[in-house]
file entry-v2.txt (compact mmCIF, C-alpha atoms and all ligand atoms)
# COMPACT_ATOMS: atom_id res chain seq x y z
CA MET T 236 -2.81 -20.03 23.79
CA ARG T 237 -1.43 -16.51 24.28
CA ILE T 238 -1.13 -14.29 21.26
CA VAL T 239 -0.07 -10.78 20.23
CA ILE T 240 -1.84 -9.08 17.29
CA ILE T 241 -0.07 -6.32 15.36
CA THR T 242 -1.52 -4.38 12.42
CA GLY T 243 0.68 -2.51 9.94
CA ALA T 244 3.35 -5.19 10.45
CA SER T 245 4.46 -5.05 6.80
CA SER T 246 6.45 -1.84 7.26
CA GLY T 247 7.96 0.80 9.56
CA MET T 248 6.93 0.84 13.19
CA GLY T 249 4.50 -2.10 12.93
CA ARG T 250 7.32 -4.35 11.76
CA GLU T 251 9.55 -2.89 14.48
CA PHE T 252 6.93 -3.69 17.16
CA ALA T 253 6.82 -7.30 15.94
CA LEU T 254 10.61 -7.70 16.05
CA GLN T 255 11.10 -6.00 19.43
CA LEU T 256 8.15 -7.72 21.14
CA ASP T 257 9.38 -11.07 19.81
CA LYS T 258 12.63 -10.45 21.72
CA LYS T 259 11.11 -8.88 24.86
CA LEU T 260 8.06 -11.07 25.63
CA HIS T 261 8.76 -14.63 26.68
CA SER T 262 5.34 -16.15 27.24
CA ILE T 263 3.73 -15.62 23.82
CA ASP T 264 2.74 -18.67 21.77
CA GLU T 265 1.91 -16.92 18.51
CA TYR T 266 2.12 -13.55 16.79
CA TRP T 267 -0.70 -12.67 14.43
CA LEU T 268 0.60 -10.09 11.99
CA VAL T 269 -1.78 -8.06 9.85
CA GLY T 270 -0.75 -6.19 6.71
CA ARG T 271 -1.82 -5.32 3.22
CA ASN T 272 1.42 -6.05 1.37
CA GLU T 273 1.80 -9.85 1.35
CA GLU T 274 5.45 -9.86 0.30
CA GLU T 275 6.55 -7.33 2.94
CA LEU T 276 4.52 -9.08 5.64
CA ALA T 277 6.23 -12.36 4.73
CA LYS T 278 9.60 -10.61 5.25
CA THR T 279 8.58 -9.67 8.81
CA LYS T 280 7.44 -13.23 9.51
CA LYS T 281 10.78 -14.61 8.31
CA LYS T 282 12.58 -12.60 10.99
CA MET T 283 10.36 -13.80 13.87
CA HIS T 284 11.50 -16.50 16.32
CA THR T 285 8.06 -17.22 17.78
CA LYS T 286 5.38 -18.95 15.67
CA THR T 287 3.75 -16.31 13.46
CA ARG T 288 0.65 -16.20 11.27
CA ASN T 289 0.10 -13.58 8.61
CA PHE T 290 -3.30 -12.10 7.77
CA ILE T 291 -3.54 -10.08 4.57
CA ALA T 292 -6.07 -7.28 4.94
CA ASP T 293 -6.83 -4.01 3.21
CA PHE T 294 -8.58 -1.86 5.79
CA ASN T 295 -10.43 0.09 3.12
CA SER T 296 -12.78 -2.89 3.08
CA ARG T 297 -15.12 -3.54 6.00
CA LYS T 298 -14.69 -7.27 5.40
CA ALA T 299 -10.89 -7.15 5.69
CA LEU T 300 -10.78 -8.35 9.28
CA PHE T 301 -13.38 -11.13 8.93
CA PRO T 302 -10.83 -14.01 8.55
CA LEU T 303 -8.89 -12.87 11.63
CA VAL T 304 -12.03 -12.48 13.74
CA GLN T 305 -13.21 -15.90 12.58
CA GLU T 306 -9.90 -17.39 13.77
CA LEU T 307 -10.29 -15.65 17.13
CA ASN T 308 -13.71 -17.24 17.53
CA ASN T 309 -12.50 -20.68 16.40
CA ILE T 310 -9.34 -20.83 18.50
CA GLN T 311 -10.43 -18.66 21.46
CA PRO T 312 -6.87 -17.53 22.31
CA GLU T 313 -5.92 -15.07 25.03
CA VAL T 314 -4.96 -11.79 23.36
CA LYS T 315 -2.13 -10.51 25.58
CA MET T 316 -1.42 -7.48 23.44
CA LEU T 317 -3.05 -5.68 20.53
CA VAL T 318 -0.93 -3.15 18.64
CA ASN T 319 -3.00 -1.01 16.28
CA CYS T 320 -0.24 0.40 14.12
CA ALA T 321 -1.64 0.46 10.56
CA GLY T 322 -2.21 3.98 9.38
CA PHE T 323 -1.31 6.59 6.82
CA GLY T 324 -1.58 10.31 6.20
CA MET T 325 -1.76 12.54 3.15
CA VAL T 326 -0.20 16.01 3.32
CA GLY T 327 -2.03 18.78 1.44
CA TYR T 328 -5.15 20.91 1.60
CA PHE T 329 -8.34 18.90 2.14
CA ASP T 330 -9.97 19.99 -1.14
CA ARG T 331 -6.91 19.00 -3.17
CA ILE T 332 -6.70 15.49 -1.79
CA SER T 333 -8.95 12.98 -3.55
CA TYR T 334 -12.26 12.03 -1.96
CA ASN T 335 -11.09 8.41 -1.70
CA ASP T 336 -7.80 9.27 0.00
CA ASN T 337 -9.53 11.55 2.53
CA LEU T 338 -12.09 8.87 3.39
CA SER T 339 -9.50 6.11 3.40
CA MET T 340 -7.55 7.88 6.19
CA ILE T 341 -10.70 7.64 8.31
CA ASP T 342 -11.29 3.99 7.36
CA VAL T 343 -7.73 2.84 8.09
CA ASN T 344 -6.75 5.08 11.00
CA CYS T 345 -10.10 5.10 12.86
CA ARG T 346 -12.68 2.56 11.68
CA ALA T 347 -10.39 -0.48 11.35
CA LEU T 348 -8.65 0.34 14.65
CA THR T 349 -11.99 0.64 16.46
CA SER T 350 -13.37 -2.50 14.83
CA LEU T 351 -10.37 -4.69 15.73
CA THR T 352 -10.23 -3.33 19.27
CA HIS T 353 -13.92 -4.19 19.69
CA ASP T 354 -13.33 -7.72 18.43
CA CYS T 355 -10.25 -8.36 20.59
CA ILE T 356 -11.45 -7.13 24.01
CA PRO T 357 -13.59 -10.24 24.69
CA PHE T 358 -10.37 -12.29 24.33
CA MET T 359 -8.33 -10.17 26.75
CA ALA T 360 -7.76 -11.00 30.42
CA VAL T 361 -6.17 -9.19 33.37
CA ASN T 362 -2.77 -7.65 32.59
CA SER T 363 -3.32 -7.32 28.85
CA ARG T 364 -2.32 -4.33 26.78
CA ILE T 365 -3.63 -2.28 23.88
CA ILE T 366 -1.20 0.03 22.08
CA ASN T 367 -2.76 2.52 19.65
CA LEU T 368 -0.63 4.57 17.27
CA ALA T 369 -1.88 8.12 17.43
CA SER T 370 0.59 10.94 16.64
CA ALA T 371 1.83 14.29 17.91
CA GLY T 372 -0.53 15.47 15.16
CA ALA T 373 -3.31 14.63 17.63
CA PHE T 374 -2.30 17.51 19.92
CA ASN T 375 -3.67 20.28 17.69
CA PRO T 376 -5.23 20.74 14.22
CA GLN T 377 -2.76 21.25 11.35
CA PRO T 378 -3.75 23.02 8.10
CA GLY T 379 -2.33 20.94 5.27
CA PHE T 380 -2.74 17.76 7.33
CA ALA T 381 -6.36 18.27 8.39
CA VAL T 382 -7.95 14.84 8.03
CA TYR T 383 -4.86 12.95 9.20
CA CYS T 384 -4.56 15.02 12.41
CA ALA T 385 -8.31 14.71 13.01
CA THR T 386 -8.05 10.90 12.74
CA LYS T 387 -5.17 10.91 15.21
CA SER T 388 -7.12 13.13 17.64
CA TYR T 389 -9.83 10.48 17.43
CA VAL T 390 -7.29 7.75 18.24
CA LEU T 391 -5.94 9.70 21.21
CA SER T 392 -9.39 10.58 22.58
CA PHE T 393 -10.74 7.05 22.04
CA SER T 394 -7.68 5.46 23.67
CA ARG T 395 -7.88 7.65 26.77
CA ALA T 396 -11.58 7.03 27.32
CA LEU T 397 -11.24 3.31 26.63
CA ARG T 398 -8.40 3.15 29.11
CA GLY T 399 -10.74 4.55 31.76
CA GLU T 400 -13.38 1.95 30.89
CA LEU T 401 -11.00 -1.04 30.88
CA LYS T 402 -8.79 -0.21 33.85
CA ASP T 403 -10.87 -2.20 36.33
CA LEU T 404 -10.54 -5.25 34.07
CA GLY T 405 -6.75 -4.91 34.20
CA ILE T 406 -6.52 -4.10 30.49
CA TYR T 407 -4.23 -1.10 29.93
CA VAL T 408 -4.44 1.16 26.89
CA THR T 409 -1.51 3.32 25.77
CA ALA T 410 -1.73 5.93 23.02
CA VAL T 411 1.59 6.47 21.25
CA CYS T 412 2.08 10.05 20.00
CA PRO T 413 5.34 10.38 18.09
CA GLY T 414 6.44 13.38 16.11
CA PRO T 415 8.00 12.68 12.70
CA VAL T 416 9.63 9.23 12.58
CA ASN T 417 11.97 7.97 9.89
CA THR T 418 9.81 5.32 8.17
CA PRO T 419 8.28 4.89 4.68
CA PHE T 420 5.32 6.96 6.00
CA PHE T 421 6.56 10.17 4.35
CA ASN T 422 7.15 8.55 0.93
CA LYS T 423 3.40 7.97 0.78
CA ALA T 424 2.36 11.15 2.61
CA GLU T 425 3.85 13.56 0.08
CA ARG T 426 1.78 12.59 -2.97
CA TYR T 427 -0.17 15.89 -2.86
CA GLY T 428 2.25 18.20 -1.06
CA ASN T 429 5.42 18.39 0.97
CA VAL T 430 5.61 18.22 4.73
CA TYR T 431 6.85 21.27 6.65
CA ALA T 432 10.64 21.31 6.25
CA PHE T 433 11.11 21.67 10.02
CA LYS T 434 9.62 18.20 10.54
CA LYS T 435 12.53 16.65 8.69
CA LEU T 436 14.87 18.21 11.27
CA PHE T 437 13.13 16.32 14.06
CA MET T 438 12.91 12.86 12.53
CA ALA T 439 13.12 10.25 15.27
CA ASP T 440 14.54 6.76 14.92
CA GLN T 441 11.78 4.12 14.70
CA LYS T 442 13.65 1.66 16.95
CA ALA T 443 13.82 4.21 19.77
CA VAL T 444 10.19 5.30 19.40
CA VAL T 445 8.93 1.70 19.44
CA SER T 446 11.19 0.69 22.32
CA LYS T 447 9.84 3.56 24.44
CA ALA T 448 6.26 2.74 23.43
CA ILE T 449 6.69 -0.88 24.56
CA ASP T 450 8.28 0.19 27.86
CA ASP T 451 5.51 2.75 28.46
CA SER T 452 2.84 0.14 27.71
CA ILE T 453 4.45 -2.35 30.11
CA ARG T 454 4.45 0.41 32.74
CA CYS T 455 0.73 0.99 32.00
CA LYS T 456 1.28 4.59 30.90
CA GLU T 457 -1.59 6.46 29.29
CA ILE T 458 0.44 8.28 26.62
CA SER T 459 3.87 7.61 25.14
CA VAL T 460 5.69 10.61 23.70
CA TYR T 461 9.24 10.05 22.48
CA GLY T 462 11.85 12.80 22.79
CA ARG T 463 12.19 16.16 24.49
CA THR T 464 11.10 18.16 21.44
CA MET T 465 7.76 16.35 21.17
CA ARG T 466 7.19 16.49 24.94
CA ALA T 467 7.77 20.27 24.73
CA TYR T 468 5.42 20.46 21.72
CA ARG T 469 2.72 18.69 23.73
CA VAL T 470 3.00 21.28 26.50
CA LEU T 471 2.96 24.10 23.92
CA ALA T 472 -0.21 22.71 22.35
CA LYS T 473 -1.82 22.74 25.79
CA VAL T 474 -0.94 26.33 26.69
CA VAL T 475 -0.99 28.23 23.39
CA PRO T 476 -4.50 28.81 21.94
CA HIS T 477 -4.93 26.53 18.95
CA ARG T 478 -6.08 29.38 16.69
CA PHE T 479 -2.56 30.87 16.90
CA ILE T 480 -0.89 27.56 16.10
CA ILE T 481 -3.31 27.05 13.19
CA GLU T 482 -2.51 30.53 11.80
CA LEU T 483 1.22 29.89 12.09
CA LEU T 484 1.09 26.44 10.48
CA ASN T 485 -1.17 27.76 7.70
CA LEU T 486 1.32 30.51 6.95
CA MET T 487 4.16 27.97 6.88
CA HIS T 488 2.11 25.71 4.61
CA LYS T 489 1.56 28.59 2.16
CA LEU T 490 5.22 29.63 2.25
CA LYS T 491 6.48 26.18 1.33
CA LYS T 492 4.51 26.18 -1.97
N1 LIG Q 501 6.24 7.99 10.61
C1 LIG Q 501 5.76 9.00 11.33
O1 LIG Q 501 6.28 10.11 11.30
C2 LIG Q 501 4.60 8.78 12.24
C3 LIG Q 501 3.71 7.74 12.09
N2 LIG Q 501 2.66 7.61 12.96
C4 LIG Q 501 1.71 6.51 12.83
O2 LIG Q 501 2.39 5.30 13.06
C5 LIG Q 501 1.76 4.23 12.37
C6 LIG Q 501 2.79 3.45 11.59
O3 LIG Q 501 3.31 4.29 10.56
P1 LIG Q 501 4.77 4.13 9.98
O4 LIG Q 501 5.37 2.86 10.42
O5 LIG Q 501 5.49 5.37 10.22
O6 LIG Q 501 4.43 4.10 8.42
P2 LIG Q 501 4.57 2.97 7.31
O7 LIG Q 501 4.04 3.58 6.07
O8 LIG Q 501 5.94 2.42 7.32
O9 LIG Q 501 3.58 1.83 7.82
C7 LIG Q 501 2.20 1.96 7.77
C8 LIG Q 501 1.54 0.61 7.88
O10 LIG Q 501 0.13 0.76 7.77
C9 LIG Q 501 -0.35 -0.13 6.78
N3 LIG Q 501 -1.50 0.34 6.04
C10 LIG Q 501 -1.64 1.52 5.38
N4 LIG Q 501 -2.81 1.52 4.71
C11 LIG Q 501 -3.41 0.32 4.97
C12 LIG Q 501 -4.62 -0.27 4.54
N5 LIG Q 501 -5.46 0.32 3.68
N6 LIG Q 501 -4.95 -1.51 5.00
C13 LIG Q 501 -4.10 -2.16 5.83
N7 LIG Q 501 -2.92 -1.65 6.25
C14 LIG Q 501 -2.59 -0.43 5.80
C15 LIG Q 501 0.81 -0.24 5.80
O11 LIG Q 501 0.65 -1.37 4.98
P3 LIG Q 501 1.22 -1.29 3.44
O12 LIG Q 501 2.69 -1.25 3.57
O13 LIG Q 501 0.70 -2.52 2.83
O14 LIG Q 501 0.65 -0.02 2.84
C16 LIG Q 501 1.99 -0.33 6.75
O15 LIG Q 501 2.16 -1.62 7.24
C17 LIG Q 501 0.67 4.88 11.52
O16 LIG Q 501 -0.56 4.76 12.20
C18 LIG Q 501 1.09 6.35 11.46
O17 LIG Q 501 0.00 7.20 11.27
C19 LIG Q 501 2.47 8.48 13.99
C20 LIG Q 501 3.31 9.52 14.18
C21 LIG Q 501 4.46 9.74 13.33
N1 LIG Q 502 3.73 13.08 13.73
C1 LIG Q 502 3.95 12.99 12.34
C2 LIG Q 502 2.93 12.14 11.72
O1 LIG Q 502 2.14 11.54 12.35
C3 LIG Q 502 3.95 14.35 11.72
O2 LIG Q 502 3.83 15.30 12.48
O3 LIG Q 502 4.09 14.46 10.53
call {"tool": "encode", "arguments": {"input": "entry-v2.txt", "output": "structure tokens"}}
result
Amino acid sequence: MRIVIITGASSGMGREFALQLDKKLHSIDEYWLVGRNEEELAKTKKKMHTKTRNFIADFNSRKALFPLVQELNNIQPEVKMLVNCAGFGMVGYFDRISYNDNLSMIDVNCRALTSLTHDCIPFMAVNSRIINLASAGAFNPQPGFAVYCATKSYVLSFSRALRGELKDLGIYVTAVCPGPVNTPFFNKAERYGNVYAFKKLFMADQKAVVSKAIDDSIRCKEISVYGRTMRAYRVLAKVVPHRFIIELLNLMHKLKK
């Protein structure tokens, strides 16, 4: 049995991955969708044409993925694609964000992603794919988004190294690094502070970002960056010393208060 596993499938880009992959891939027997919000995950399932199972999991708990991993061991399917999409970010200075929210970003964005990847690799064969949602926030540190960007730098670094390790097995890892995307992400992100206004000028459409990510993964690309602005930003973050970018972003963060 060939399956695709997608986390964060209850909302935004995770749901979009499920719907687009369901249309694009023709040899998948089941989709295993993972999400925290049962009702919203059920809505995604309702729209799927291929057989779909939902797994409810809150990644703040280390036990959240146990039922899914148990099913993997019972059924022994071939995992053709793993999309690690669950994630969230809190805007604001580190010391003003609660301890729990700071640590939760690490648990959801890094620990759960690493844990599920570890558990899925034994079930992957030649020509399988792993798609990890990093962010353009991975390209350089951002004052006012410190922990979030650090978690996404982890995802980018981990994905690139893992790609090197798995290439000979024919398993291809793609890190997706979008700039701001129009999803419910920002409703949650602004509990402690507002995002830089300029980000709202560059909001990308989730359908386009996900479609490019899927195409880039099929083409075995290392990194998927949607849009000219974000590609230019990536180059900028490579050539301009990060201390200047940090100073500039810090100034902008202070000005927006
Ligand atoms: N939108 C943007 O501008 C960008 C987003 N990204 C990344 O893309 C990914 C998808 O985000 P996006 O679709 O935009 O945002 P959404 O908020 O729409 O989706 C986030 C998903 O992650 C899930 N999630 C959050 N916390 C947990 C948790 N504790 N346990 C399990 N699942 C959880 C959410 O579930 P629930 O609904 O139940 O909370 C939801 O399904 C994230 O990793 C994000 O960091 C990267 C760059 C830009
Ligand atoms: N890329 C976006 C989040 O990940 C942002 O820059 O806000």
call {"tool": "residues_around", "arguments": {"input": "entry-v2.txt", "residues": "range 462-472 of chain T", "least_positions_apart": "2", "cutoff": "9 Å", "atoms": "all atoms listed in the file", "output": "list in words"}}
result
Ala371, Phe374, Asn375, Cys412, Pro413, Gly414, Phe437, Ala439, Val444, Val460, Val474, Val475, Pro476, His477 and Ile480 of chain T
call {"tool": "closest_atom_pairs", "arguments": {"input": "entry-v2.txt", "of": "chain T", "to": "ligand LIG 502 (chain Q)", "cutoff": "8 Å", "atoms": "only C-alpha atoms and all ligand atoms", "output": "Markdown table"}}
result
| residue | atom | partner | partner_atom | distance |
| --- | --- | --- | --- | --- |
| T:Gly324 | CA | Q:LIG502 | O1 | 7.3 |
| T:Ala369 | CA | Q:LIG502 | O1 | 7.3 |
| T:Ser370 | CA | Q:LIG502 | O1 | 4.6 |
| T:Ala371 | CA | Q:LIG502 | N1 | 4.7 |
| T:Gly372 | CA | Q:LIG502 | N1 | 5.1 |
| T:Tyr383 | CA | Q:LIG502 | O1 | 7.8 |
| T:Cys384 | CA | Q:LIG502 | O1 | 7.6 |
| T:Lys387 | CA | Q:LIG502 | O1 | 7.9 |
| T:Cys412 | CA | Q:LIG502 | N1 | 7.2 |
| T:Pro413 | CA | Q:LIG502 | N1 | 5.4 |
| T:Gly414 | CA | Q:LIG502 | N1 | 3.6 |
| T:Pro415 | CA | Q:LIG502 | C1 | 4.1 |
| T:Val416 | CA | Q:LIG502 | C1 | 6.8 |
| T:Phe421 | CA | Q:LIG502 | O3 | 7.9 |
| T:Val430 | CA | Q:LIG502 | O3 | 7.1 |
| T:Lys434 | CA | Q:LIG502 | O3 | 6.7 |
call {"tool": "residues_near_ligand", "arguments": {"input": "entry-v2.txt", "ligand": "ligand LIG 501 (chain Q)", "cutoff": "6 Å", "atoms": "only C-alpha atoms and all ligand atoms", "output": "PyMOL selection string"}}
result
chain T and resi 243-249+270-272+292-295+320-323+343+368-370+412-420
call {"tool": "residues_around", "arguments": {"input": "entry-v2.txt", "residues": "Val269 in chain T", "least_positions_apart": "3", "cutoff": "12 Å", "atoms": "all atoms listed in the file", "output": "number ranges by chain"}}
result
T: 239-246, 249-250, 253, 266, 272-273, 275-277, 279-280, 287-294, 299-300, 302-304, 317-321, 347-348, 351
call {"tool": "atom_distance", "arguments": {"input": "entry-v2.txt", "atom1": "CA of Ile449 in chain T", "atom2": "CA of His261 in chain T"}}
result
14.1 Å
call {"tool": "residues_around", "arguments": {"input": "entry-v2.txt", "residues": "Lys491 in chain T", "least_positions_apart": "3", "cutoff": "8 Å", "atoms": "only C-alpha atoms", "output": "number ranges by chain"}}
result
T: 429, 431, 487-488
call {"tool": "residues_around", "arguments": {"input": "entry-v2.txt", "residues": "Met316 in chain T", "least_positions_apart": "4", "cutoff": "8 Å", "atoms": "all atoms listed in the file", "output": "NGL selection string"}}
result
:T and (238-240 or 363-366)
call {"tool": "residues_around", "arguments": {"input": "entry-v2.txt", "residues": "Met359 in chain T", "least_positions_apart": "6", "cutoff": "9 Å", "atoms": "only C-alpha atoms", "output": "ChimeraX atom specification"}}
result
/T:312-316,406
call {"tool": "closest_residue", "arguments": {"input": "entry-v2.txt", "among": "T:Thr349, T:Leu436, T:Asp354, T:Gln441", "to": "Leu397 in chain T", "atoms": "only C-alpha atoms"}}
result
T:Thr349
call {"tool": "closest_residue", "arguments": {"input": "entry-v2.txt", "among": "T:Thr409, T:Ser452, T:Ser392, T:Asn308", "to": "Cys355 in chain T", "atoms": "all atoms listed in the file"}}
result
T:Asn308
call {"tool": "atom_distance", "arguments": {"input": "entry-v2.txt", "atom1": "CA of Trp267 in chain T", "atom2": "CA of Leu254 in chain T"}}
result
12.5 Å
call {"tool": "atom_distance", "arguments": {"input": "entry-v2.txt", "atom1": "CA of Asn337 in chain T", "atom2": "CA of Leu268 in chain T"}}
result
25.7 Å
call {"tool": "closest_residue", "arguments": {"input": "entry-v2.txt", "among": "T:Leu307, T:Val390, T:Leu484, T:Leu338", "to": "Ala373 in chain T", "atoms": "only C-alpha atoms"}}
result
T:Val390
call {"tool": "closest_residue", "arguments": {"input": "entry-v2.txt", "among": "T:Ala396, T:Glu457, T:Gly428, T:Ala410", "to": "Met325 in chain T", "atoms": "all atoms listed in the file"}}
result
T:Gly428
call {"tool": "closest_residue", "arguments": {"input": "entry-v2.txt", "among": "T:Met236, T:Tyr389, T:Asn367, T:Pro378", "to": "Ala448 in chain T", "atoms": "all atoms listed in the file"}}
result
T:Asn367
